[in-house]
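Visitor: What follows is final.txt; its format and atoms are compact mmCIF, C-alpha atoms and all ligand atoms.
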# COMPACT_ATOMS: atom_id res chain seq x y z
CA MET A 1 8.26 43.51 -49.29
CA LYS A 2 11.33 44.79 -47.51
CA HIS A 3 13.80 43.77 -50.22
CA LEU A 4 12.19 46.30 -52.55
CA GLU A 5 13.23 49.10 -50.20
CA LEU A 6 16.91 48.18 -49.91
CA PRO A 7 19.49 50.17 -51.87
CA ARG A 8 20.25 48.21 -55.03
CA GLU A 9 22.93 49.23 -57.51
CA PRO A 10 22.14 48.07 -61.07
CA LEU A 11 25.07 45.96 -62.30
CA GLY A 12 23.52 43.42 -64.67
CA PHE A 13 20.83 42.93 -67.29
CA PHE A 14 17.69 41.40 -65.82
CA PRO A 15 15.61 39.34 -66.24
CA THR A 16 18.04 36.72 -67.50
CA PRO A 17 16.50 34.40 -70.11
CA VAL A 18 14.73 31.11 -69.33
CA HIS A 19 14.38 28.52 -72.08
CA GLU A 20 14.03 24.82 -72.64
CA LEU A 21 16.92 22.43 -73.27
CA ALA A 22 14.89 20.19 -75.56
CA ASN A 23 17.87 18.41 -77.16
CA LEU A 24 19.50 17.60 -73.85
CA GLY A 25 16.18 16.50 -72.38
CA ARG A 26 15.66 14.14 -75.31
CA ALA A 27 19.23 12.81 -75.16
CA LEU A 28 18.81 11.95 -71.48
CA GLY A 29 15.34 10.48 -71.98
CA GLY A 30 14.04 11.98 -68.74
CA PRO A 31 11.88 14.94 -67.74
CA ARG A 32 11.75 18.27 -69.58
CA ILE A 33 14.76 20.43 -68.68
CA PHE A 34 14.74 24.24 -68.70
CA ILE A 35 17.61 26.58 -67.94
CA LYS A 36 17.85 29.96 -66.20
CA ARG A 37 20.68 31.86 -67.82
CA ASP A 38 22.50 33.70 -65.04
CA ASP A 39 25.61 33.14 -67.13
CA GLN A 40 24.09 36.01 -69.13
CA THR A 41 23.89 38.69 -66.40
CA GLY A 42 26.27 40.71 -68.53
CA LEU A 43 28.84 41.67 -65.87
CA ALA A 44 32.20 40.72 -67.48
CA PHE A 45 30.98 37.24 -68.59
CA GLY A 46 28.22 37.17 -65.99
CA GLY A 47 27.30 34.79 -63.18
CA ASN A 48 25.23 34.48 -60.02
CA LYS A 49 27.39 36.90 -58.00
CA THR A 50 25.99 39.82 -60.03
CA ARG A 51 22.62 39.47 -58.27
CA LYS A 52 24.24 39.40 -54.84
CA LEU A 53 26.53 42.32 -55.59
CA GLU A 54 23.65 44.60 -56.58
CA TYR A 55 22.48 44.58 -52.95
CA ILE A 56 25.90 44.35 -51.29
CA ILE A 57 27.38 47.21 -53.31
CA GLY A 58 24.12 49.15 -52.93
CA ARG A 59 24.90 49.11 -49.22
CA ALA A 60 28.61 49.90 -49.75
CA LEU A 61 27.77 53.01 -51.79
CA ALA A 62 25.15 54.12 -49.28
CA GLN A 63 27.94 54.02 -46.67
CA GLY A 64 30.27 56.12 -48.82
CA ALA A 65 32.74 53.34 -49.71
CA ASP A 66 35.28 53.97 -52.47
CA THR A 67 37.09 50.62 -52.35
CA LEU A 68 35.89 47.00 -52.37
CA ILE A 69 37.81 44.13 -50.80
CA THR A 70 36.91 40.50 -51.19
CA ALA A 71 38.49 37.05 -51.19
CA GLY A 72 38.31 33.81 -53.12
CA ALA A 73 40.20 31.12 -54.99
CA GLY A 74 42.58 32.02 -57.83
CA GLN A 75 39.80 31.24 -60.32
CA SER A 76 37.02 32.87 -58.30
CA ASN A 77 34.04 34.00 -60.37
CA HIS A 78 32.89 36.05 -57.40
CA CYS A 79 36.16 38.01 -57.37
CA ARG A 80 36.02 38.61 -61.13
CA GLN A 81 32.46 39.96 -60.94
CA THR A 82 33.38 42.12 -57.94
CA ALA A 83 36.35 43.52 -59.87
CA ALA A 84 34.10 44.30 -62.86
CA ALA A 85 31.49 45.99 -60.67
CA ALA A 86 34.18 48.10 -58.99
CA ALA A 87 35.59 49.15 -62.37
CA SER A 88 32.17 50.20 -63.65
CA LEU A 89 31.54 52.26 -60.51
CA ASN A 90 34.95 53.90 -60.47
CA MET A 91 35.86 52.15 -57.21
CA ALA A 92 39.16 50.49 -56.34
CA CYS A 93 39.15 46.71 -55.86
CA HIS A 94 41.45 44.54 -53.75
CA LEU A 95 41.25 40.76 -54.18
CA VAL A 96 42.72 38.40 -51.61
CA LEU A 97 43.30 35.14 -53.46
CA GLY A 98 44.28 31.73 -52.10
CA GLY A 99 47.51 30.18 -53.38
CA SER A 100 50.35 31.96 -55.14
CA ALA A 101 50.79 33.76 -58.44
CA PRO A 102 50.91 31.36 -61.41
CA GLU A 103 53.46 31.91 -64.15
CA THR A 104 50.73 32.91 -66.61
CA ALA A 105 47.42 34.39 -65.51
CA ASN A 106 44.51 32.73 -67.30
CA GLY A 107 40.72 32.48 -67.00
CA ASN A 108 39.22 34.59 -64.22
CA LEU A 109 42.61 35.67 -62.93
CA LEU A 110 43.53 37.20 -66.28
CA LEU A 111 40.20 39.02 -66.24
CA ASP A 112 40.81 40.30 -62.68
CA GLN A 113 44.03 41.86 -63.94
CA LEU A 114 42.41 43.38 -67.02
CA LEU A 115 39.65 44.80 -64.82
CA GLY A 116 42.27 46.63 -62.80
CA ALA A 117 41.94 44.79 -59.49
CA GLN A 118 44.86 44.77 -57.09
CA ILE A 119 45.70 41.18 -56.23
CA HIS A 120 47.08 39.97 -52.88
CA TRP A 121 48.24 36.35 -52.85
CA ALA A 122 47.38 34.77 -49.52
CA GLY A 123 48.88 31.26 -49.75
CA LYS A 124 47.00 28.91 -47.43
CA HIS A 125 44.65 31.68 -46.25
CA ARG A 126 42.00 30.76 -48.79
CA LYS A 127 38.95 32.32 -47.18
CA GLY A 128 39.89 35.95 -46.64
CA GLU A 129 41.81 35.59 -43.35
CA ASP A 130 44.11 38.44 -44.48
CA ILE A 131 41.30 40.92 -45.19
CA PRO A 132 41.33 42.75 -41.82
CA LYS A 133 45.01 43.63 -42.24
CA ILE A 134 44.50 44.98 -45.76
CA GLU A 135 41.37 46.83 -44.69
CA GLU A 136 43.28 48.57 -41.92
CA GLU A 137 46.11 49.58 -44.25
CA LEU A 138 43.61 51.04 -46.70
CA ARG A 139 41.91 53.03 -43.92
CA LYS A 140 45.27 54.40 -42.80
CA ALA A 141 45.90 55.47 -46.40
CA GLY A 142 42.65 57.48 -46.30
CA ARG A 143 40.44 55.10 -48.31
CA GLN A 144 36.89 54.03 -47.42
CA PRO A 145 37.06 50.25 -47.86
CA PHE A 146 34.03 47.95 -47.76
CA VAL A 147 34.41 44.20 -47.28
CA VAL A 148 32.30 42.05 -49.60
CA PRO A 149 31.77 38.70 -47.81
CA TYR A 150 33.22 35.47 -49.13
CA GLY A 151 31.12 34.33 -52.09
CA GLY A 152 28.85 37.33 -51.53
CA SER A 153 26.97 35.14 -49.08
CA ASN A 154 25.39 37.26 -46.37
CA GLU A 155 21.80 38.46 -45.91
CA LEU A 156 22.17 41.11 -48.63
CA GLY A 157 23.68 38.66 -51.11
CA ALA A 158 20.99 36.09 -50.43
CA THR A 159 18.40 38.84 -50.95
CA GLY A 160 19.57 38.92 -54.58
CA PHE A 161 18.23 35.38 -54.90
CA VAL A 162 14.97 36.15 -53.14
CA GLU A 163 14.52 38.79 -55.83
CA ALA A 164 15.64 36.25 -58.47
CA LEU A 165 12.74 33.98 -57.59
CA CYS A 166 10.31 36.90 -57.96
CA GLU A 167 11.86 37.43 -61.41
CA LEU A 168 11.46 33.75 -62.26
CA ASP A 169 7.87 33.83 -61.09
CA SER A 170 6.85 36.41 -63.68
CA GLN A 171 8.72 34.43 -66.34
CA THR A 172 7.01 31.14 -65.51
CA PHE A 173 3.71 32.94 -65.85
CA GLU A 174 4.70 34.02 -69.38
CA LEU A 175 6.11 30.57 -70.24
CA GLN A 176 3.00 28.91 -68.82
CA THR A 177 5.23 26.27 -67.29
CA ASP A 178 5.44 25.57 -63.60
CA PHE A 179 8.65 23.91 -62.55
CA ASP A 180 8.66 20.93 -60.22
CA HIS A 181 12.36 21.15 -59.34
CA ILE A 182 15.11 23.76 -59.36
CA VAL A 183 18.66 22.35 -59.45
CA PHE A 184 21.90 24.33 -59.14
CA ALA A 185 25.43 24.41 -57.69
CA SER A 186 25.69 25.25 -53.99
CA SER A 187 28.96 26.34 -52.44
CA SER A 188 29.02 29.35 -50.11
CA GLY A 189 25.27 29.03 -49.56
CA GLY A 190 23.89 32.44 -50.54
CA THR A 191 22.16 31.24 -53.69
CA GLN A 192 20.39 28.37 -51.95
CA ALA A 193 19.48 30.40 -48.86
CA GLY A 194 17.93 33.13 -51.03
CA LEU A 195 16.01 30.65 -53.18
CA MET A 196 14.64 28.93 -50.07
CA VAL A 197 13.39 32.20 -48.61
CA GLY A 198 11.97 33.27 -51.98
CA LYS A 199 10.09 29.99 -52.33
CA LYS A 200 8.46 30.38 -48.95
CA LEU A 201 7.67 34.05 -49.56
CA LEU A 202 5.97 33.24 -52.87
CA LYS A 203 4.38 30.04 -51.52
CA LYS A 204 5.75 27.89 -54.32
CA ASN A 205 5.73 24.11 -54.47
CA TYR A 206 8.88 23.35 -56.40
CA GLU A 207 11.67 21.41 -54.75
CA ILE A 208 14.90 23.36 -54.48
CA THR A 209 17.88 21.02 -54.74
CA GLY A 210 21.42 22.32 -54.25
CA ILE A 211 24.22 20.13 -55.55
CA ALA A 212 27.09 20.55 -53.08
CA ILE A 213 30.37 21.51 -54.76
CA ASP A 214 32.72 21.34 -51.77
CA LYS A 215 33.23 18.40 -49.47
CA GLU A 216 32.99 20.58 -46.39
CA GLY A 217 31.43 23.92 -45.41
CA SER A 218 33.65 26.00 -43.15
CA ALA A 219 35.80 25.02 -40.16
CA GLU A 220 32.88 25.55 -37.76
CA LYS A 221 29.80 24.52 -39.72
CA SER A 222 28.68 22.06 -42.36
CA LEU A 223 27.33 23.51 -45.61
CA SER A 224 23.76 22.58 -44.71
CA GLU A 225 24.08 24.38 -41.36
CA LEU A 226 25.53 27.42 -43.14
CA ILE A 227 22.66 27.47 -45.64
CA LEU A 228 19.95 27.01 -43.02
CA ASP A 229 21.41 29.71 -40.74
CA LEU A 230 21.76 32.14 -43.64
CA ALA A 231 18.23 31.40 -44.88
CA ASN A 232 16.86 32.16 -41.42
CA SER A 233 18.90 35.31 -40.88
CA THR A 234 17.81 36.49 -44.35
CA ALA A 235 14.14 35.73 -43.62
CA SER A 236 14.43 37.71 -40.41
CA TYR A 237 16.40 40.57 -42.05
CA LEU A 238 13.66 40.88 -44.66
CA GLU A 239 11.02 40.82 -41.90
CA THR A 240 9.15 37.97 -43.55
CA GLY A 241 7.72 36.77 -40.24
CA PHE A 242 8.60 33.15 -40.97
CA GLU A 243 11.44 30.72 -40.40
CA VAL A 244 12.67 28.01 -42.72
CA ASP A 245 12.94 24.54 -41.36
CA LYS A 246 15.60 21.89 -41.75
CA SER A 247 13.04 19.84 -43.67
CA ASP A 248 12.92 22.61 -46.32
CA LEU A 249 16.60 22.10 -47.14
CA ILE A 250 17.65 19.67 -49.86
CA LEU A 251 21.40 19.51 -50.34
CA ASN A 252 22.74 16.61 -52.39
CA GLU A 253 26.32 15.81 -51.36
CA GLU A 254 26.87 12.80 -53.60
CA TYR A 255 28.59 14.64 -56.43
CA THR A 256 31.57 16.29 -54.74
CA GLY A 257 33.93 13.91 -56.55
CA ALA A 258 37.57 14.23 -55.57
CA GLY A 259 36.98 17.67 -54.03
CA TYR A 260 36.68 21.35 -54.91
CA GLY A 261 37.87 22.21 -58.40
CA ILE A 262 39.07 18.70 -59.26
CA ILE A 263 37.55 17.78 -62.59
CA GLY A 264 36.34 14.18 -62.87
CA GLU A 265 34.72 12.16 -65.65
CA ALA A 266 31.21 13.18 -64.54
CA GLU A 267 31.96 16.91 -64.91
CA LYS A 268 33.62 16.34 -68.29
CA GLU A 269 30.62 14.42 -69.55
CA ALA A 270 28.18 17.08 -68.32
CA ILE A 271 30.19 19.90 -69.93
CA ARG A 272 30.48 18.00 -73.24
CA LEU A 273 26.81 16.93 -73.40
CA THR A 274 25.53 20.44 -72.69
CA ALA A 275 27.93 21.99 -75.19
CA LYS A 276 27.27 19.41 -77.89
CA HIS A 277 23.48 19.23 -77.59
CA GLU A 278 22.70 22.83 -76.69
CA GLY A 279 25.66 25.03 -77.60
CA ILE A 280 25.80 26.16 -73.97
CA LEU A 281 29.02 26.31 -71.98
CA LEU A 282 29.14 25.15 -68.38
CA ASP A 283 32.15 25.67 -66.11
CA PRO A 284 34.49 23.04 -64.70
CA VAL A 285 34.06 23.84 -60.98
CA TYR A 286 30.38 24.62 -60.33
CA THR A 287 27.88 24.24 -63.15
CA GLY A 288 29.67 21.26 -64.70
CA ARG A 289 29.39 19.48 -61.35
CA ALA A 290 25.79 20.60 -60.78
CA MET A 291 24.78 19.35 -64.24
CA ALA A 292 26.62 16.09 -63.55
CA GLY A 293 24.42 15.86 -60.44
CA LEU A 294 21.26 16.55 -62.42
CA ILE A 295 22.22 13.93 -65.03
CA GLY A 296 22.97 11.44 -62.25
CA LEU A 297 19.60 12.07 -60.61
CA ILE A 298 17.80 11.67 -63.95
CA ARG A 299 19.59 8.36 -64.55
CA GLN A 300 18.65 7.18 -61.06
CA GLY A 301 14.99 7.80 -61.98
CA ARG A 302 14.65 10.50 -59.35
CA PHE A 303 12.21 12.56 -61.48
CA LYS A 304 8.94 11.66 -63.18
CA LYS A 305 8.84 11.91 -66.95
CA ASP A 306 6.08 14.51 -66.92
CA GLU A 307 7.93 16.81 -64.51
CA ALA A 308 9.72 20.01 -65.52
CA ILE A 309 13.17 20.72 -64.11
CA LEU A 310 14.84 24.14 -64.05
CA PHE A 311 18.64 24.06 -64.08
CA TRP A 312 19.93 27.39 -62.78
CA HIS A 313 23.10 28.26 -64.73
CA THR A 314 25.18 30.23 -62.24
CA GLY A 315 27.98 31.18 -64.66
CA GLY A 316 31.71 30.50 -64.41
CA ALA A 317 32.70 29.64 -67.99
CA PRO A 318 35.91 31.78 -67.95
CA ALA A 319 37.42 29.06 -65.74
CA LEU A 320 37.22 26.65 -68.71
CA PHE A 321 40.31 28.30 -70.16
CA ALA A 322 42.26 27.83 -66.95
CA SER A 323 41.44 24.08 -67.14
CA ALA A 324 42.41 23.65 -70.79
CA GLU A 325 44.79 20.77 -70.10
CA GLU A 326 42.29 18.67 -68.13
CA LEU A 327 39.54 19.30 -70.67
CA GLN A 328 41.47 18.24 -73.82
CA ASN A 329 39.88 15.45 -75.82
C1 LIG A 401 29.78 31.13 -56.53
C2 LIG A 401 29.26 30.22 -57.57
C3 LIG A 401 28.30 29.24 -57.26
C4 LIG A 401 27.82 28.96 -55.87
O1 LIG A 401 26.96 29.93 -55.36
P1 LIG A 401 26.86 30.09 -53.76
O2 LIG A 401 25.87 31.16 -53.56
O3 LIG A 401 28.25 30.47 -53.32
O4 LIG A 401 26.46 28.80 -53.17
C5 LIG A 401 27.82 28.45 -58.27
N1 LIG A 401 28.25 28.60 -59.54
C6 LIG A 401 29.17 29.52 -59.87
C7 LIG A 401 29.63 29.59 -61.28
C8 LIG A 401 29.72 30.36 -58.90
O5 LIG A 401 30.64 31.26 -59.24
Please express what this file holds, its structure, as structure tokens.
Ligand SMILES: *Cc1c(COP(=O)(O)O)cnc(C)c1O
Guide:
Amino acid sequence: MKHLELPREPLGFFPTPVHELANLGRALGGPRIFIKRDDQTGLAFGGNKTRKLEYIIGRALAQGADTLITAGAGQSNHCRQTAAAAASLNMACHLVLGGSAPETANGNLLLDQLLGAQIHWAGKHRKGEDIPKIEEELRKAGRQPFVVPYGGSNELGATGFVEALCELDSQTFELQTDFDHIVFASSSGGTQAGLMVGKKLLKKNYEITGIAIDKEGSAEKSLSELILDLANSTASYLETGFEVDKSDLILNEEYTGAGYGIIGEAEKEAIRLTAKHEGILLDPVYTGRAMAGLIGLIRQGRFKKDEAILFWHTGGAPALFASAEELQN
């Protein structure tokens, strides 16, 4: 398979664990729930971006880059993992963050600073609009910058999740459990696109359900269009010889609440239940919302009692500390 030939820089500890959430499953009275612990990838508090960055930075190093540039929100987990990867590889890191500098840096932003990243506040330019200017300045200063795409979501980033499904496949063999559904947070699309391609490559039957985190995709495309396009460009990049179809895409958009990063009662309940019953911390923006979606679907009777669900924990817990006020009892 082509993905095995791509340059891949080791940044995390894999495979990440898979285990059952028996207490939570019992408390919800639904199907068996398992969890894939990508919060444990090991890269400065971990997360799903570690898998993407192994391929993206593999390419950057092969091109001779000495500086990484990427963009995100002030509490971006992607930016924090990129900053950590850069530090470990002795590369410089420039982060272009939406909004303006808060009085006190907390959560991921505090970690970005500790990891030595240089931060550029971009105001309303939340999706990296200022990157070309910074890239040019760095080139003029004699650096070799490499732009990591928003959310790490291009063909290389998605390849990290094709590989992740191969990893899961060997684990399910050991666990002797075949999952019927995989549920996770979907936002810039790379995770879902990679999982969709991996499923088709491995000829698996599970349903892959992304819980949409944002109300909209980008200015030009809806999130489902973004995911489908990325899944197809990844399938073609990896020379799989197949295409994924619109009917392969399941994106649930019923749990976006009041919008990106706005914590509602459903997210609070999901975070508290998972913490209280399992001792596992979800995050307020992504996994809290995705678990709220899973809980909602269980309560709607969407799954059969004898099915097994895998919740893919994509990380993000450092953002809990930046939401301390909203999360108080
Ligand atoms: C980025 C992120 C996601 C979403 O992954 P995409 O590949 O961008 O869809 C989910 N959870 C966490 C914690 C993230 O940081």
Visitor: Report as CSV: every residue of chain A with an atom at most 10 Å from ligand LIG 401 (chain A), its closest pair of atoms, and their distance in Å to one decimal, counting only C-alpha atoms and all ligand atoms, with rows sorted by chain and ascending residue number.
Guide:
residue,atom,partner,partner_atom,distance
A:Asp38,CA,A:LIG401,C7,9.0
A:Asp39,CA,A:LIG401,C7,7.9
A:Gly46,CA,A:LIG401,C7,9.0
A:Gly47,CA,A:LIG401,C7,6.0
A:Asn48,CA,A:LIG401,C8,6.2
A:Lys49,CA,A:LIG401,C1,6.4
A:Thr50,CA,A:LIG401,O5,9.8
A:Lys52,CA,A:LIG401,O2,8.5
A:Gly72,CA,A:LIG401,C1,9.6
A:Gln75,CA,A:LIG401,O5,9.2
A:Ser76,CA,A:LIG401,O5,6.6
A:Asn77,CA,A:LIG401,O5,4.5
A:His78,CA,A:LIG401,O5,5.6
A:Cys79,CA,A:LIG401,O5,8.9
A:Arg80,CA,A:LIG401,O5,9.3
A:Gln81,CA,A:LIG401,O5,9.0
A:Tyr150,CA,A:LIG401,O3,8.2
A:Gly151,CA,A:LIG401,O3,5.0
A:Gly152,CA,A:LIG401,O3,7.1
A:Ser153,CA,A:LIG401,O2,6.1
A:Asn154,CA,A:LIG401,O2,9.4
A:Gly157,CA,A:LIG401,O2,8.2
A:Ala158,CA,A:LIG401,O2,7.6
A:Phe161,CA,A:LIG401,O2,8.8
A:Phe184,CA,A:LIG401,C5,7.3
A:Ala185,CA,A:LIG401,C5,4.7
A:Ser186,CA,A:LIG401,O4,3.7
A:Ser187,CA,A:LIG401,O4,3.6
A:Ser188,CA,A:LIG401,O3,3.5
A:Gly189,CA,A:LIG401,O4,3.8
A:Gly190,CA,A:LIG401,O2,3.8
A:Thr191,CA,A:LIG401,O2,3.7
A:Gln192,CA,A:LIG401,O4,6.2
A:Ala193,CA,A:LIG401,O2,8.0
A:Gly194,CA,A:LIG401,O2,8.6
A:Leu195,CA,A:LIG401,O2,9.9
A:Gly210,CA,A:LIG401,O4,8.3
A:Ile211,CA,A:LIG401,O4,9.3
A:Ala212,CA,A:LIG401,O4,8.3
A:Ile213,CA,A:LIG401,C4,8.0
A:Asp214,CA,A:LIG401,O4,9.8
A:Leu223,CA,A:LIG401,O4,9.3
A:Ile227,CA,A:LIG401,O4,8.5
A:Leu282,CA,A:LIG401,C7,8.4
A:Asp283,CA,A:LIG401,C7,6.7
A:Pro284,CA,A:LIG401,C7,8.8
A:Val285,CA,A:LIG401,C7,7.3
A:Tyr286,CA,A:LIG401,N1,4.6
A:Thr287,CA,A:LIG401,N1,5.7
A:Gly288,CA,A:LIG401,C7,9.0
A:Arg289,CA,A:LIG401,N1,9.4
A:Ala290,CA,A:LIG401,N1,8.5
A:Trp312,CA,A:LIG401,N1,9.0
A:His313,CA,A:LIG401,N1,7.3
A:Thr314,CA,A:LIG401,N1,4.4
A:Gly315,CA,A:LIG401,C7,4.1
A:Gly316,CA,A:LIG401,C7,3.9
A:Ala317,CA,A:LIG401,C7,7.4
A:Pro318,CA,A:LIG401,C7,9.4
A:Ala319,CA,A:LIG401,C7,9.0
Visitor: Can you measure atom CA of Arg26 of chain A to atom CA of Thr274 of chain A for me? One decimal in Å is fine.
Guide: 12.0 Å
Visitor: In terms of the shortest atom-to-atom distance over only C-alpha atoms, which of A:Ala105, A:Met291, A:Ala308, A:Ala324 is closest to Phe179 of chain A?
Guide: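 The shortest atom-to-atom distance to Phe179 of chain A comes from A:Ala308.
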Visitor: Which residue is closest to Gln300 of chain A? Choose from A:Gly29, A:Leu230, A:Leu11, A:Leu68 and count only C-alpha atoms.
Guide: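 Between A:Gly29, A:Leu230, A:Leu11, A:Leu68, the residue approaching Gln300 of chain A most closely is A:Gly29.
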Visitor: Counting all atoms listed in the file, which residue out of A:Asp169, A:Glu307, A:Asp112, A:Asp66 sits closest to Val147 of chain A?
Guide: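 Checking each of A:Asp169, A:Glu307, A:Asp112, A:Asp66 against Val147 of chain A, counting all atoms listed in the file, the winner is A:Asp66.
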Visitor: Compare A:Thr70, A:Gln40, A:Asn90, A:Asn106 by their minimum atom-to-atom distance to Ser323 of chain A, counting all atoms listed in the file, and give me the closest one.
Guide: A:Asn106
Visitor: Nearest to Ala275 of chain A: which of A:Glu216, A:Gln144, A:Leu24, A:Glu167 is it, counting only C-alpha atoms?
Guide: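 The answer is A:Leu24, which sits nearest to Ala275 of chain A.
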Visitor: Nearest to Phe14 of chain A: which of A:Cys166, A:Leu249, A:Ala122, A:Ile263 is it, counting all atoms listed in the file?
Guide: A:Cys166
Visitor: So that I can see what lies close to Ile208 of chain A, please list as a list of chain:residue names the residues with an atom at most 10 Å from it, counting all atoms listed in the file and leaving out residues fewer than 4 positions away in the same chain.
Guide: A:Asp180, A:His181, A:Ile182, A:Val183, A:Phe184, A:Gln192, A:Leu195, A:Met196, A:Lys199, A:Asp248, A:Leu249, A:Ile250, A:Leu251, A:Leu310
Visitor: Using Å and a single decimal, report how far atom CA of Gln118 of chain A sits from atom CA of Met91 of chain A.
Guide: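 So the two atoms, atom CA of Met91 of chain A and atom CA of Gln118 of chain A, lie 11.6 Å apart.
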Visitor: Around (14.3, 20.7, -68.5) in the file's own coordinates, what residues are found within 8 Å if you use all atoms listed in the file, given back as a ChimeraX atom specification?
Guide: /A:20-22,25,31-35,308-311
Visitor: As an exercise, work out the distance from atom CA of Ala71 of chain A to atom CA of Pro145 of chain A in Å and give it to one decimal place.
Guide: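 Atom-to-atom, atom CA of Ala71 of chain A to atom CA of Pro145 of chain A, that is 13.7 Å.
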Visitor: For His125 of chain A, work out the shell of residues within 10 Å, counting all atoms listed in the file and skipping chain neighbours fewer than 4 positions away, then give it as a PyMOL selection string.
Guide: chain A and resi 71-73+96-99+121+129-131
Visitor: Within 12 Å of Gly241 of chain A, counting only C-alpha atoms, which residues qualify if same-chain residues fewer than 5 places away don't, as a list in words?
Guide: Met1, Lys2, Val197, Lys200, Leu201, Asn232, Ser233, Thr234, Ala235 and Ser236 of chain A
